[in-house]
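Text of the file work-v3.txt, holding compact mmCIF, N, CA and C atoms:
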```
# COMPACT_ATOMS: atom_id res chain seq x y z
N GLN E 1 8.24 9.92 17.36
CA GLN E 1 6.99 10.02 16.62
C GLN E 1 7.25 9.65 15.16
N VAL E 2 6.37 8.81 14.62
CA VAL E 2 6.50 8.37 13.24
C VAL E 2 5.29 8.86 12.46
N GLN E 3 5.54 9.35 11.27
CA GLN E 3 4.47 9.77 10.38
C GLN E 3 4.59 9.06 9.05
N LEU E 4 3.45 8.70 8.49
CA LEU E 4 3.40 8.09 7.17
C LEU E 4 2.67 9.03 6.23
N VAL E 5 3.23 9.23 5.07
CA VAL E 5 2.59 10.09 4.07
C VAL E 5 2.43 9.30 2.78
N GLU E 6 1.17 9.16 2.37
CA GLU E 6 0.86 8.43 1.15
C GLU E 6 0.67 9.40 -0.01
N SER E 7 0.93 8.92 -1.20
CA SER E 7 0.67 9.70 -2.40
C SER E 7 0.48 8.77 -3.58
N GLY E 8 -0.08 9.32 -4.66
CA GLY E 8 -0.17 8.56 -5.91
C GLY E 8 -1.55 8.11 -6.32
N GLY E 9 -2.54 8.30 -5.48
CA GLY E 9 -3.89 7.88 -5.86
C GLY E 9 -4.48 8.81 -6.90
N GLY E 10 -5.68 8.44 -7.38
CA GLY E 10 -6.34 9.29 -8.36
C GLY E 10 -7.37 8.53 -9.16
N LEU E 11 -7.80 9.16 -10.23
CA LEU E 11 -8.79 8.58 -11.14
C LEU E 11 -8.08 8.05 -12.38
N VAL E 12 -8.38 6.82 -12.75
CA VAL E 12 -7.75 6.20 -13.91
C VAL E 12 -8.78 5.36 -14.63
N GLN E 13 -8.61 5.24 -15.93
CA GLN E 13 -9.52 4.42 -16.73
C GLN E 13 -9.17 2.94 -16.57
N PRO E 14 -10.13 2.07 -16.79
CA PRO E 14 -9.83 0.62 -16.75
C PRO E 14 -8.68 0.29 -17.69
N GLY E 15 -7.79 -0.57 -17.20
CA GLY E 15 -6.61 -0.92 -17.97
C GLY E 15 -5.42 -0.02 -17.72
N GLY E 16 -5.64 1.06 -17.01
CA GLY E 16 -4.57 2.01 -16.71
C GLY E 16 -3.70 1.58 -15.54
N SER E 17 -2.76 2.46 -15.20
CA SER E 17 -1.80 2.18 -14.15
C SER E 17 -1.69 3.35 -13.18
N LEU E 18 -1.35 3.03 -11.96
CA LEU E 18 -1.03 4.02 -10.94
C LEU E 18 0.08 3.46 -10.08
N ARG E 19 0.83 4.37 -9.46
CA ARG E 19 1.87 3.96 -8.52
C ARG E 19 1.65 4.69 -7.22
N LEU E 20 1.45 3.93 -6.16
CA LEU E 20 1.28 4.51 -4.83
C LEU E 20 2.61 4.50 -4.09
N SER E 21 2.80 5.52 -3.27
CA SER E 21 3.99 5.61 -2.43
C SER E 21 3.57 5.88 -0.98
N CYS E 22 4.36 5.38 -0.07
CA CYS E 22 4.13 5.63 1.36
C CYS E 22 5.50 5.82 1.99
N ALA E 23 5.74 7.03 2.47
CA ALA E 23 7.04 7.36 3.06
C ALA E 23 6.90 7.56 4.56
N ALA E 24 7.78 6.92 5.30
CA ALA E 24 7.79 7.05 6.75
C ALA E 24 8.89 8.02 7.18
N SER E 25 8.57 8.86 8.16
CA SER E 25 9.56 9.79 8.69
C SER E 25 9.46 9.82 10.21
N GLY E 26 10.51 10.32 10.83
CA GLY E 26 10.55 10.39 12.28
C GLY E 26 11.66 9.51 12.83
N THR E 27 11.49 9.08 14.07
CA THR E 27 12.49 8.25 14.72
C THR E 27 12.24 6.80 14.32
N ILE E 28 13.06 6.31 13.41
CA ILE E 28 12.87 4.97 12.85
C ILE E 28 14.17 4.20 12.96
N PHE E 29 14.12 3.08 13.66
CA PHE E 29 15.31 2.23 13.79
C PHE E 29 15.24 1.06 12.82
N SER E 30 14.07 0.49 12.69
CA SER E 30 13.93 -0.62 11.75
C SER E 30 12.47 -0.75 11.34
N ILE E 31 12.28 -1.07 10.08
CA ILE E 31 10.95 -1.31 9.55
C ILE E 31 10.86 -2.78 9.15
N ASN E 32 9.94 -3.47 9.73
CA ASN E 32 9.77 -4.88 9.42
C ASN E 32 8.88 -5.02 8.19
N THR E 33 7.69 -5.51 8.36
CA THR E 33 6.80 -5.70 7.23
C THR E 33 6.18 -4.37 6.79
N MET E 34 6.10 -4.20 5.48
CA MET E 34 5.43 -3.04 4.89
C MET E 34 4.32 -3.60 3.99
N GLY E 35 3.17 -2.98 4.06
CA GLY E 35 2.07 -3.54 3.29
C GLY E 35 1.08 -2.50 2.82
N TRP E 36 0.23 -2.92 1.92
CA TRP E 36 -0.87 -2.11 1.41
C TRP E 36 -2.18 -2.85 1.64
N TYR E 37 -3.14 -2.12 2.12
CA TYR E 37 -4.49 -2.63 2.32
C TYR E 37 -5.45 -1.70 1.57
N ARG E 38 -6.65 -2.17 1.35
CA ARG E 38 -7.65 -1.31 0.71
C ARG E 38 -9.02 -1.57 1.31
N GLN E 39 -9.86 -0.56 1.22
CA GLN E 39 -11.21 -0.67 1.72
C GLN E 39 -12.15 0.00 0.74
N ALA E 40 -13.04 -0.81 0.19
CA ALA E 40 -14.06 -0.30 -0.72
C ALA E 40 -15.32 0.05 0.08
N PRO E 41 -16.17 0.91 -0.44
CA PRO E 41 -17.39 1.28 0.28
C PRO E 41 -18.22 0.05 0.65
N GLY E 42 -18.60 -0.03 1.91
CA GLY E 42 -19.43 -1.13 2.37
C GLY E 42 -18.71 -2.44 2.58
N LYS E 43 -17.40 -2.43 2.41
CA LYS E 43 -16.63 -3.66 2.59
C LYS E 43 -15.58 -3.49 3.68
N GLU E 44 -15.08 -4.61 4.15
CA GLU E 44 -14.03 -4.58 5.16
C GLU E 44 -12.67 -4.29 4.50
N ARG E 45 -11.78 -3.77 5.31
CA ARG E 45 -10.43 -3.53 4.83
C ARG E 45 -9.77 -4.87 4.56
N GLU E 46 -9.05 -4.96 3.43
CA GLU E 46 -8.43 -6.23 3.04
C GLU E 46 -6.97 -6.01 2.65
N LEU E 47 -6.19 -7.05 2.85
CA LEU E 47 -4.79 -7.02 2.45
C LEU E 47 -4.70 -7.05 0.93
N VAL E 48 -3.85 -6.18 0.39
CA VAL E 48 -3.55 -6.18 -1.04
C VAL E 48 -2.21 -6.86 -1.28
N ALA E 49 -1.19 -6.40 -0.58
CA ALA E 49 0.15 -6.94 -0.75
C ALA E 49 0.99 -6.54 0.44
N ARG E 50 2.01 -7.34 0.74
CA ARG E 50 2.94 -6.98 1.80
C ARG E 50 4.31 -7.53 1.44
N ILE E 51 5.32 -6.88 2.03
CA ILE E 51 6.69 -7.25 1.75
C ILE E 51 7.48 -7.24 3.05
N THR E 52 8.27 -8.26 3.26
CA THR E 52 9.04 -8.36 4.49
C THR E 52 10.34 -7.57 4.38
N SER E 53 11.05 -7.48 5.49
CA SER E 53 12.33 -6.79 5.48
C SER E 53 13.33 -7.48 4.57
N GLY E 54 13.15 -8.77 4.36
CA GLY E 54 14.04 -9.51 3.47
C GLY E 54 13.65 -9.45 2.01
N GLY E 55 12.52 -8.81 1.73
CA GLY E 55 12.10 -8.64 0.35
C GLY E 55 11.07 -9.65 -0.13
N GLY E 56 10.69 -10.60 0.72
CA GLY E 56 9.66 -11.55 0.33
C GLY E 56 8.29 -10.88 0.28
N ALA E 57 7.55 -11.17 -0.77
CA ALA E 57 6.26 -10.50 -0.96
C ALA E 57 5.14 -11.51 -1.15
N ASN E 58 3.97 -11.14 -0.73
CA ASN E 58 2.79 -11.93 -1.05
C ASN E 58 1.64 -10.99 -1.39
N TYR E 59 0.71 -11.53 -2.18
CA TYR E 59 -0.36 -10.72 -2.77
C TYR E 59 -1.71 -11.38 -2.59
N ALA E 60 -2.74 -10.55 -2.56
CA ALA E 60 -4.09 -11.07 -2.65
C ALA E 60 -4.28 -11.71 -4.02
N ASP E 61 -5.07 -12.77 -4.07
CA ASP E 61 -5.28 -13.46 -5.35
C ASP E 61 -5.83 -12.52 -6.42
N SER E 62 -6.63 -11.56 -5.99
CA SER E 62 -7.30 -10.67 -6.94
C SER E 62 -6.34 -9.73 -7.65
N VAL E 63 -5.13 -9.56 -7.13
CA VAL E 63 -4.19 -8.60 -7.74
C VAL E 63 -2.93 -9.27 -8.26
N LYS E 64 -2.78 -10.56 -8.05
CA LYS E 64 -1.58 -11.26 -8.51
C LYS E 64 -1.41 -11.08 -10.01
N GLY E 65 -0.17 -10.79 -10.40
CA GLY E 65 0.12 -10.60 -11.81
C GLY E 65 -0.15 -9.20 -12.32
N ARG E 66 -0.83 -8.38 -11.51
CA ARG E 66 -1.13 -7.01 -11.92
C ARG E 66 -0.45 -5.97 -11.03
N PHE E 67 -0.32 -6.26 -9.75
CA PHE E 67 0.27 -5.32 -8.79
C PHE E 67 1.64 -5.82 -8.37
N THR E 68 2.54 -4.88 -8.08
CA THR E 68 3.86 -5.21 -7.59
C THR E 68 4.20 -4.30 -6.42
N ILE E 69 4.56 -4.91 -5.30
CA ILE E 69 4.98 -4.15 -4.14
C ILE E 69 6.50 -4.13 -4.08
N SER E 70 7.05 -3.00 -3.68
CA SER E 70 8.50 -2.90 -3.53
C SER E 70 8.81 -1.91 -2.40
N ARG E 71 10.05 -1.92 -1.94
CA ARG E 71 10.43 -1.05 -0.84
C ARG E 71 11.82 -0.49 -1.06
N ASP E 72 12.02 0.70 -0.55
CA ASP E 72 13.33 1.35 -0.56
C ASP E 72 13.70 1.58 0.90
N ASN E 73 14.54 0.72 1.43
CA ASN E 73 14.86 0.79 2.85
C ASN E 73 15.63 2.06 3.20
N ALA E 74 16.43 2.55 2.29
CA ALA E 74 17.20 3.77 2.55
C ALA E 74 16.28 4.98 2.70
N GLU E 75 15.14 4.94 1.98
CA GLU E 75 14.20 6.06 2.02
C GLU E 75 12.99 5.77 2.90
N ASN E 76 12.96 4.60 3.55
CA ASN E 76 11.83 4.21 4.40
C ASN E 76 10.50 4.34 3.64
N THR E 77 10.51 3.86 2.42
CA THR E 77 9.35 4.02 1.54
C THR E 77 8.93 2.68 0.95
N VAL E 78 7.61 2.52 0.84
CA VAL E 78 7.06 1.35 0.18
C VAL E 78 6.22 1.83 -1.00
N TYR E 79 6.25 1.06 -2.07
CA TYR E 79 5.54 1.41 -3.28
C TYR E 79 4.57 0.29 -3.66
N LEU E 80 3.55 0.68 -4.40
CA LEU E 80 2.64 -0.30 -4.99
C LEU E 80 2.40 0.12 -6.43
N GLN E 81 2.97 -0.64 -7.35
CA GLN E 81 2.74 -0.41 -8.77
C GLN E 81 1.51 -1.21 -9.17
N MET E 82 0.51 -0.51 -9.68
CA MET E 82 -0.76 -1.14 -10.04
C MET E 82 -0.98 -1.01 -11.53
N ASN E 83 -1.01 -2.13 -12.21
CA ASN E 83 -1.24 -2.16 -13.66
C ASN E 83 -2.55 -2.88 -13.96
N SER E 84 -3.02 -2.70 -15.19
CA SER E 84 -4.26 -3.35 -15.63
C SER E 84 -5.38 -3.17 -14.62
N LEU E 85 -5.55 -1.96 -14.19
CA LEU E 85 -6.54 -1.67 -13.16
C LEU E 85 -7.96 -1.95 -13.64
N LYS E 86 -8.78 -2.41 -12.70
CA LYS E 86 -10.17 -2.76 -12.97
C LYS E 86 -11.09 -1.92 -12.07
N PRO E 87 -12.34 -1.77 -12.47
CA PRO E 87 -13.26 -1.03 -11.60
C PRO E 87 -13.34 -1.62 -10.19
N GLY E 88 -13.16 -2.93 -10.08
CA GLY E 88 -13.18 -3.59 -8.78
C GLY E 88 -12.02 -3.22 -7.89
N ASP E 89 -11.01 -2.56 -8.43
CA ASP E 89 -9.88 -2.09 -7.62
C ASP E 89 -10.18 -0.75 -6.94
N THR E 90 -11.31 -0.16 -7.25
CA THR E 90 -11.68 1.12 -6.65
C THR E 90 -11.82 0.98 -5.14
N ALA E 91 -11.08 1.79 -4.41
CA ALA E 91 -11.07 1.72 -2.95
C ALA E 91 -10.17 2.81 -2.40
N VAL E 92 -10.20 2.97 -1.10
CA VAL E 92 -9.18 3.77 -0.41
C VAL E 92 -8.05 2.81 -0.05
N TYR E 93 -6.84 3.18 -0.43
CA TYR E 93 -5.68 2.35 -0.18
C TYR E 93 -4.88 2.92 0.99
N TYR E 94 -4.52 2.02 1.91
CA TYR E 94 -3.78 2.40 3.11
C TYR E 94 -2.46 1.63 3.17
N CYS E 95 -1.40 2.31 3.52
CA CYS E 95 -0.18 1.59 3.80
C CYS E 95 -0.15 1.26 5.30
N ARG E 96 0.52 0.18 5.60
CA ARG E 96 0.65 -0.28 6.99
C ARG E 96 2.10 -0.72 7.18
N LEU E 97 2.75 -0.12 8.14
CA LEU E 97 4.15 -0.44 8.41
C LEU E 97 4.31 -0.92 9.84
N VAL E 98 5.12 -1.92 10.01
CA VAL E 98 5.48 -2.39 11.34
C VAL E 98 6.88 -1.86 11.63
N ILE E 99 6.95 -0.93 12.57
CA ILE E 99 8.21 -0.25 12.88
C ILE E 99 8.55 -0.50 14.34
N SER E 100 9.67 -1.21 14.52
CA SER E 100 10.12 -1.54 15.88
C SER E 100 9.01 -2.17 16.71
N GLY E 101 8.23 -3.00 16.06
CA GLY E 101 7.18 -3.73 16.75
C GLY E 101 5.85 -3.02 16.85
N TYR E 102 5.78 -1.77 16.41
CA TYR E 102 4.53 -1.02 16.46
C TYR E 102 3.94 -0.92 15.04
N ILE E 103 2.62 -0.88 14.99
CA ILE E 103 1.91 -0.80 13.71
C ILE E 103 1.49 0.64 13.45
N TYR E 104 1.80 1.11 12.25
CA TYR E 104 1.42 2.45 11.83
C TYR E 104 0.65 2.36 10.52
N TRP E 105 -0.38 3.20 10.41
CA TRP E 105 -1.20 3.25 9.20
C TRP E 105 -1.06 4.62 8.53
N GLY E 106 -1.09 4.60 7.21
CA GLY E 106 -1.14 5.85 6.47
C GLY E 106 -2.55 6.41 6.50
N GLN E 107 -2.68 7.62 5.96
CA GLN E 107 -3.95 8.32 6.03
C GLN E 107 -4.95 7.85 4.97
N GLY E 108 -4.47 7.09 4.01
CA GLY E 108 -5.33 6.58 2.95
C GLY E 108 -5.30 7.46 1.72
N THR E 109 -5.35 6.83 0.57
CA THR E 109 -5.40 7.56 -0.70
C THR E 109 -6.44 6.90 -1.59
N GLN E 110 -7.28 7.70 -2.20
CA GLN E 110 -8.37 7.18 -3.01
C GLN E 110 -7.88 6.77 -4.38
N VAL E 111 -8.25 5.56 -4.78
CA VAL E 111 -8.02 5.08 -6.14
C VAL E 111 -9.39 4.78 -6.76
N THR E 112 -9.67 5.43 -7.86
CA THR E 112 -10.94 5.23 -8.55
C THR E 112 -10.66 4.80 -9.98
N VAL E 113 -11.21 3.65 -10.35
CA VAL E 113 -11.04 3.12 -11.70
C VAL E 113 -12.39 3.18 -12.40
N SER E 114 -12.46 4.07 -13.38
CA SER E 114 -13.75 4.30 -14.04
C SER E 114 -13.53 4.91 -15.41
N SER E 115 -14.41 4.58 -16.32
CA SER E 115 -14.35 5.18 -17.65
C SER E 115 -15.27 6.41 -17.71
```

Output the file's structure as structure tokens, nothing else.
Amino acid sequence: QVQLVESGGGLVQPGGSLRLSCAASGTIFSINTMGWYRQAPGKERELVARITSGGGANYADSVKGRFTISRDNAENTVYLQMNSLKPGDTAVYYCRLVISGYIYWGQGTQVTVSS
């Protein structure tokens, strides 16, 4: 059984920063791609960023240059550093991990960017 626990969301003013974390626990042999998705009210869930086991990363155009995804393989954790946040970044953020060929989702963490 694998569990994902997200943390780091909250309320921040425009231009501020937040760091999200997603830690996986349980029986884990290998974690392939780790990623972050988000879903705003009334919109579909969208990819924000993902990182492969080799460290290659790609980002949605809307967050390039502002967000950075990273992973700690020893801790089975993926991070999302979010800088220069905008009101348009407001959403529930979900981590998604591919572990031994299976897809696991975190419970979601709310990020609200507002003055």

Report task. Just the residues within 6 Å of Ala60 in chain E, please, counting only C-alpha atoms, with nothing from its chain fewer than 2 positions along; format it as a PyMOL selection string. Result -> chain E and resi 48+62-63

For the residues in the current selection, export N, CA and C atoms as a compact mmCIF listing (two decimals), in the frame of the given file.
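File produced: selection.txt:
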```
# COMPACT_ATOMS: atom_id res chain seq x y z
N VAL E 48 -3.85 -6.18 0.39
CA VAL E 48 -3.55 -6.18 -1.04
C VAL E 48 -2.21 -6.86 -1.28
N SER E 62 -6.63 -11.56 -5.99
CA SER E 62 -7.30 -10.67 -6.94
C SER E 62 -6.34 -9.73 -7.65
N VAL E 63 -5.13 -9.56 -7.13
CA VAL E 63 -4.19 -8.60 -7.74
C VAL E 63 -2.93 -9.27 -8.26
```

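Atom to atom, atom C of Leu85 in chain E and atom N of Val113 in chain E stand 7.3 Å apart.
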
Query raised in the report: Which one of E:Ser53, E:Gln81, E:Ser7, E:Asn32 sits closest to Arg19 in chain E if you count only C-alpha atoms?
Result: E:Gln81

Query - Shortest interatomic distance to Pro41 in chain E - which of E:Met82, E:Ala91, E:Ile103, E:Leu97, counting all atoms listed in the file - result: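 Checking each candidate against Pro41 in chain E, we get E:Ala91 as the closest.
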
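In the backbone-derived DSSP annotation, strand (DSSP E or B) within range 46-97 of chain E comprises Glu46, Leu47, Val48, Ala49, Arg50, Ile51, Ala57, Asn58, Tyr59, Phe67, Thr68, Ile69, Ser70, Arg71, Asp72, Thr77, Val78, Tyr79, Leu80, Gln81, Met82, Ala91, Val92, Tyr93, Tyr94, Cys95, Arg96 and Leu97 of chain E.
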
Requested in this report: Using all atoms listed in the file, find the one residue out of E:Gly9, E:Gly35, E:Gly108, E:Gly88 that sits nearest to Ala49 in chain E.
Outcome: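 Distance minimum relative to Ala49 in chain E lands on E:Gly35.
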
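Within 7 Å of Gln39 in chain E, once only C-alpha atoms are used and residues closer than 5 positions along the same chain are dropped, the contacting residues are E:Glu44, E:Arg45, E:Glu46, E:Ala91, E:Val92, E:Tyr93.
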
Report summary line: Separating CA of Gln13 in chain E from atom C of Thr33 in chain E, to the nearest tenth of an Å, is a gap of 29.6 Å

Query raised in the report: Can you list, as number ranges by chain, every protein, DNA or RNA residue that comes within 8 Å of Gly26 in chain E when you count all atoms listed in the file, leaving out same-chain residues fewer than 2 positions away?
Result: E: 1-4, 23-24, 28-29

Written file, previous selection with N, CA and C atoms, as a short mmCIF file (atom, residue, chain, number, x, y, z; two decimals), in the coordinates of the input:
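Okay, result21.cif is ready:
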```
data_model
loop_
_atom_site.label_atom_id
_atom_site.label_comp_id
_atom_site.auth_asym_id
_atom_site.auth_seq_id
_atom_site.Cartn_x
_atom_site.Cartn_y
_atom_site.Cartn_z
N GLN E 1 8.24 9.92 17.36
CA GLN E 1 6.99 10.02 16.62
C GLN E 1 7.25 9.65 15.16
N VAL E 2 6.37 8.81 14.62
CA VAL E 2 6.50 8.37 13.24
C VAL E 2 5.29 8.86 12.46
N GLN E 3 5.54 9.35 11.27
CA GLN E 3 4.47 9.77 10.38
C GLN E 3 4.59 9.06 9.05
N LEU E 4 3.45 8.70 8.49
CA LEU E 4 3.40 8.09 7.17
C LEU E 4 2.67 9.03 6.23
N ALA E 23 5.74 7.03 2.47
CA ALA E 23 7.04 7.36 3.06
C ALA E 23 6.90 7.56 4.56
N ALA E 24 7.78 6.92 5.30
CA ALA E 24 7.79 7.05 6.75
C ALA E 24 8.89 8.02 7.18
N ILE E 28 13.06 6.31 13.41
CA ILE E 28 12.87 4.97 12.85
C ILE E 28 14.17 4.20 12.96
N PHE E 29 14.12 3.08 13.66
CA PHE E 29 15.31 2.23 13.79
C PHE E 29 15.24 1.06 12.82
#
```

Would you compute an axis-aligned box for range 80-93 of chain E, covering every atom listed for it in the file with 5 Å of margin on each side, and report centre and edge lengths in Å to one decimal as lines of an AutoDock Vina configuration file?
```
center_x = -4.9
center_y = 0.1
center_z = -7.3
size_x = 26.9
size_y = 17.4
size_z = 26.6
```

Requested in this report: List every protein, DNA or RNA residue with an atom no more than 7 Å from (3.9, -2.3, -8.6) in the file's coordinates, counting only N, CA and C atoms, and format the result as a ChimeraX atom specification.
Outcome: /E:19,66-70,79-83

**Report entry** For Asp89 in chain E, the nearest of the candidates E:Val5, E:Ala57, E:Leu11, E:Ala40, counting only C-alpha atoms
**Finding:**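 The closest residue to Asp89 in chain E is E:Ala40.
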
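Interatomic distance, atom N of Gly101 in chain E against atom C of Thr27 in chain E: 10.7 Å.
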